[in-house]
Amino acid sequence: MSGAMSWPFLRLYILALLYFSANAILNVIIPLRGESLGASSTMIGLVMGAYMFTTMFFRPWAGQIIQKQGPIKVLRLILIINGFALILYTFTGLGGYFVARTLQGVSTAFFSMALQIGIIDALPEKDRSQGISFYSLFTYIPGIIGPVLALGLWQTGGMDYFSVLMIGIATVTGLFGYSIKMDKQKVPAPEKVEQTSNMLQLFGQLLKNPFLFKCSVLMLISSVVFGAITTFIPLYAPQLKNGNAGLYLMIQAGVVVVSRFTLRKKIPSDGQWHSRFMMGTMLLLALAAGCVSFSIQGGTILFYVGAVLMGIAQAIVYPTLTTYLSFVLPQSNRNVLIGLFIATADMGVSLGGAIMGPIADFSSYSSMYMVCAILGATMIIFAYDRRKLAVRV
């Protein structure tokens with residue numbers, strides 16, 4: 001195999017799979033644990049959101065530090081931080097979970113940037129979308145079995161096994177990560193190019209650069225919906241007859257994995273903005289959230305249809321927008337600006353818990369998911385753009 005499926009890249013994908021496997025379990029355990037301790041939806045949303053909020057905050061600096069130090073040095077340090085965070089879950093309560101989520105956020109900011117920058121810089125333009133899609137695909141594979149495993153541990157009272165599992169994941173990920181060696185000819189270090197010294201100027205590009213602005217808004221709103229699903233499905237599903245959060249998350253993750261693989265060549269990798277493609281994706285997002293919302297009246301069939309539609313939308317949005325930006329952003333600050341874009345995804349997931357939690361407390365989970373559907377519908381219009389060709393800047 002060659003290109004995006006060659007062995008050096010497969011090792012990076014496998015490392016991503018190991019790294020994100022803990023989150024597939026924690027995304028279910030933390031809300032359930034919080035509810036058992038009497039925490040409100042708002043508090044649970046804040047604890048869950050701390051992970052992505054911290055990730056968002058450190059993304060731009062991660063891009064710069066990785067460019068200066070190289071991905072390997074950074075990777076090995078953050079694997080230690082991540083391992084410590086996972087061990088914290090084994091002996092602390094909700095307060096400790098907040099600290100652990102924050103530490104995970106710091107390490108994830110650097111981990112994902114190191115791998116994605118390496119993939120973008122190493123692959124030819126025609127293979128970029130496939131490389132990003134495969135990376136994203138492997139991060140979602142743990143979501144197929146992780147939620148079901150987490151529910152099984154919770155329902156059987158097997159929290160001792162949960163502790164063993166967290167320690168095991170931390171150890172295996174650390175050892176495998178330390179064995180990674182990036183061949184300089186395969187995955188070259190980013191070129192030393194002139195960087196804008198003022199980070200405020202870089203943040204200003206979110207508004208000034210029309211390509212970055214459009215992609216960031218689409219990613220932000222999409223991630224709000226994804227974050228609300230991840231955070232509150234474990235608490236919403238028991239309200240439905242025959243509703244099962246583990247099965248929902250397993251279906252969604254499975255669809256993401258299958259879609260990322262089967263649609264990888266359909267994702268544009270030509271530097272052009274495809275309005276119909278993105279508008280259709282936003283329509284899927286809105287329909288998915290609407291199905292989840294109406295399932296309280298329509299039953300579990302709608303609930304699981306929502307999982308399928310959400311998985312397809314999630315499979316398409318991120319790699320499409322990231323690949324597009326890799327073509328149209330200025331080369332001098334591309335890595336940092338992509339870090340800012342990814343930060344909007346992190347912010348959206350964080351807001352999905354922090355903002356949608358109070359809405360659920362004030363009304364209901366069903367109403368909250370309807371708000372998500374409305375947000376997705378507004379993005380259908382926003383995704384439209386008359387420009388056929390992107391102008392390289």
# chains A, B, ... in the order shown; residues from 1 in each chain; ligands from 1
>>> closest_atom_pairs(of="range 124-147 of chain A", to="range 318-321 of chain A", cutoff="10 Å", atoms="only C-alpha atoms", output="Markdown table")
| residue | atom | partner | partner_atom | distance |
| --- | --- | --- | --- | --- |
| A:Arg128 | CA | A:Pro319 | CA | 9.2 |
| A:Ser129 | CA | A:Pro319 | CA | 6.3 |
| A:Gln130 | CA | A:Pro319 | CA | 8.4 |
| A:Gly131 | CA | A:Pro319 | CA | 9.0 |
| A:Ile132 | CA | A:Pro319 | CA | 5.8 |
| A:Ser133 | CA | A:Pro319 | CA | 5.6 |
| A:Phe134 | CA | A:Pro319 | CA | 9.2 |
| A:Tyr135 | CA | A:Pro319 | CA | 9.2 |
| A:Ser136 | CA | A:Pro319 | CA | 7.5 |
| A:Leu137 | CA | A:Pro319 | CA | 9.8 |
>>> residues_around(residues="Leu240 in chain A", least_positions_apart="3", cutoff="9 Å", atoms="only C-alpha atoms", output="list of chain:residue names")
A:Tyr236, A:Ala237, A:Gly243, A:Asn244, A:Ser295, A:Ile296, A:Gln297, A:Gly299, A:Thr300, A:Phe303
>>> residues_around(residues="Met279 in chain A", least_positions_apart="2", cutoff="8 Å", atoms="only C-alpha atoms", output="list in words")
Ser275, Arg276, Phe277, Thr281, Met282, Leu283, Met379, Ile380, Ile381, Ala383 and Tyr384 of chain A
>>> write_last_selection(atoms="N, CA and C atoms", output="JSON list (two decimals), in the first residue's frame")
[["chain", "number", "residue", "atom", "x", "y", "z"],
["A", 275, "SER", "N", -20.76, 24.29, -3.03],
["A", 275, "SER", "CA", -21.90, 24.75, -2.25],
["A", 275, "SER", "C", -22.94, 23.65, -2.04],
["A", 276, "ARG", "N", -23.34, 22.97, -3.10],
["A", 276, "ARG", "CA", -24.38, 21.95, -2.98],
["A", 276, "ARG", "C", -23.95, 20.84, -2.03],
["A", 277, "PHE", "N", -22.69, 20.47, -2.10],
["A", 277, "PHE", "CA", -22.17, 19.40, -1.24],
["A", 277, "PHE", "C", -22.30, 19.79, 0.23],
["A", 281, "THR", "N", -24.88, 18.52, 3.31],
["A", 281, "THR", "CA", -24.36, 18.03, 4.57],
["A", 281, "THR", "C", -25.04, 18.72, 5.76],
["A", 282, "MET", "N", -25.24, 20.02, 5.65],
["A", 282, "MET", "CA", -25.93, 20.75, 6.72],
["A", 282, "MET", "C", -27.40, 20.32, 6.84],
["A", 283, "LEU", "N", -28.00, 19.96, 5.71],
["A", 283, "LEU", "CA", -29.37, 19.44, 5.74],
["A", 283, "LEU", "C", -29.41, 18.12, 6.53],
["A", 379, "MET", "N", -27.52, 26.86, 8.85],
["A", 379, "MET", "CA", -26.25, 26.66, 8.17],
["A", 379, "MET", "C", -26.44, 26.20, 6.71],
["A", 380, "ILE", "N", -27.61, 25.71, 6.36],
["A", 380, "ILE", "CA", -27.86, 25.33, 4.97],
["A", 380, "ILE", "C", -27.74, 26.57, 4.08],
["A", 381, "ILE", "N", -28.31, 27.66, 4.53],
["A", 381, "ILE", "CA", -28.23, 28.92, 3.79],
["A", 381, "ILE", "C", -26.81, 29.48, 3.83],
["A", 383, "ALA", "N", -24.05, 27.97, 4.01],
["A", 383, "ALA", "CA", -23.09, 27.19, 3.23],
["A", 383, "ALA", "C", -23.09, 27.57, 1.75],
["A", 384, "TYR", "N", -24.11, 28.29, 1.32],
["A", 384, "TYR", "CA", -24.19, 28.65, -0.10],
["A", 384, "TYR", "C", -23.15, 29.72, -0.43]]
>>> residues_around(residues="Gly146 in chain A", least_positions_apart="4", cutoff="6 Å", atoms="only C-alpha atoms", output="list in words")
Ala24, Ile25 and Pro142 of chain A
>>> write_last_selection(atoms="N, CA and C atoms", output="tab-separated table (two decimals), in the first residue's frame")
chain	number	residue	atom	x	y	z
A	24	ALA	N	-14.21	7.44	24.26
A	24	ALA	CA	-15.44	6.74	23.90
A	24	ALA	C	-16.13	6.17	25.13
A	25	ILE	N	-15.35	5.82	26.13
A	25	ILE	CA	-15.89	5.29	27.40
A	25	ILE	C	-16.26	6.44	28.33
A	142	PRO	N	-13.12	3.71	18.07
A	142	PRO	CA	-13.42	3.32	19.45
A	142	PRO	C	-14.87	3.60	19.84
>>> residues_around(residues="range 347-362 of chain A", least_positions_apart="6", cutoff="9 Å", atoms="only C-alpha atoms", output="PyMOL selection string")
chain A and resi 40-57+219-232+368-369+371-372
>>> atom_distance(atom1="CA of Ala4 in chain A", atom2="CA of Pro268 in chain A")
15.6 Å
>>> atom_distance(atom1="CA of Leu153 in chain A", atom2="CA of Leu79 in chain A")
25.4 Å
>>> atom_distance(atom1="CA of Thr262 in chain A", atom2="CA of Gln116 in chain A")
20.6 Å
>>> residues_around(residues="Phe91 in chain A", least_positions_apart="2", cutoff="12 Å", atoms="only C-alpha atoms", output="list in words")
Phe84, Ala85, Leu86, Ile87, Leu88, Tyr89, Gly93, Leu94, Gly95, Gly96, Tyr97, Ala100, Met159, Asp160, Phe162, Ser163, Val164, Met166 and Ile167 of chain A
>>> closest_residue(among="A:Asp121, A:Ile144, A:Thr92, A:Arg76", to="Phe176 in chain A", atoms="only C-alpha atoms")
A:Arg76
>>> select_by_dssp(residues="range 267-392 of chain A", states="helix (DSSP H, G or I)", output="PyMOL selection string")
chain A and resi 275-298+300-328+331-354+356-362+365-382
>>> closest_residue(among="A:Tyr365, A:Phe327, A:Tyr178, A:Tyr13", to="Pro234 in chain A", atoms="only C-alpha atoms")
A:Tyr365
>>> closest_residue(among="A:Met278, A:Ile301, A:Ile267, A:Leu325", to="Gly339 in chain A", atoms="only C-alpha atoms")
A:Leu325
>>> residues_around(residues="Met310 in chain A", least_positions_apart="3", cutoff="8 Å", atoms="only C-alpha atoms", output="ChimeraX atom specification")
/A:252,284-285,288-289,306-307,313-314
>>> closest_residue(among="A:Val328, A:Asp127, A:Ile374, A:Leu165", to="Ala150 in chain A", atoms="only C-alpha atoms")
A:Leu165
>>> closest_residue(among="A:Ile72, A:Gly376, A:Leu263, A:Leu115", to="Leu10 in chain A", atoms="only C-alpha atoms")
A:Leu115
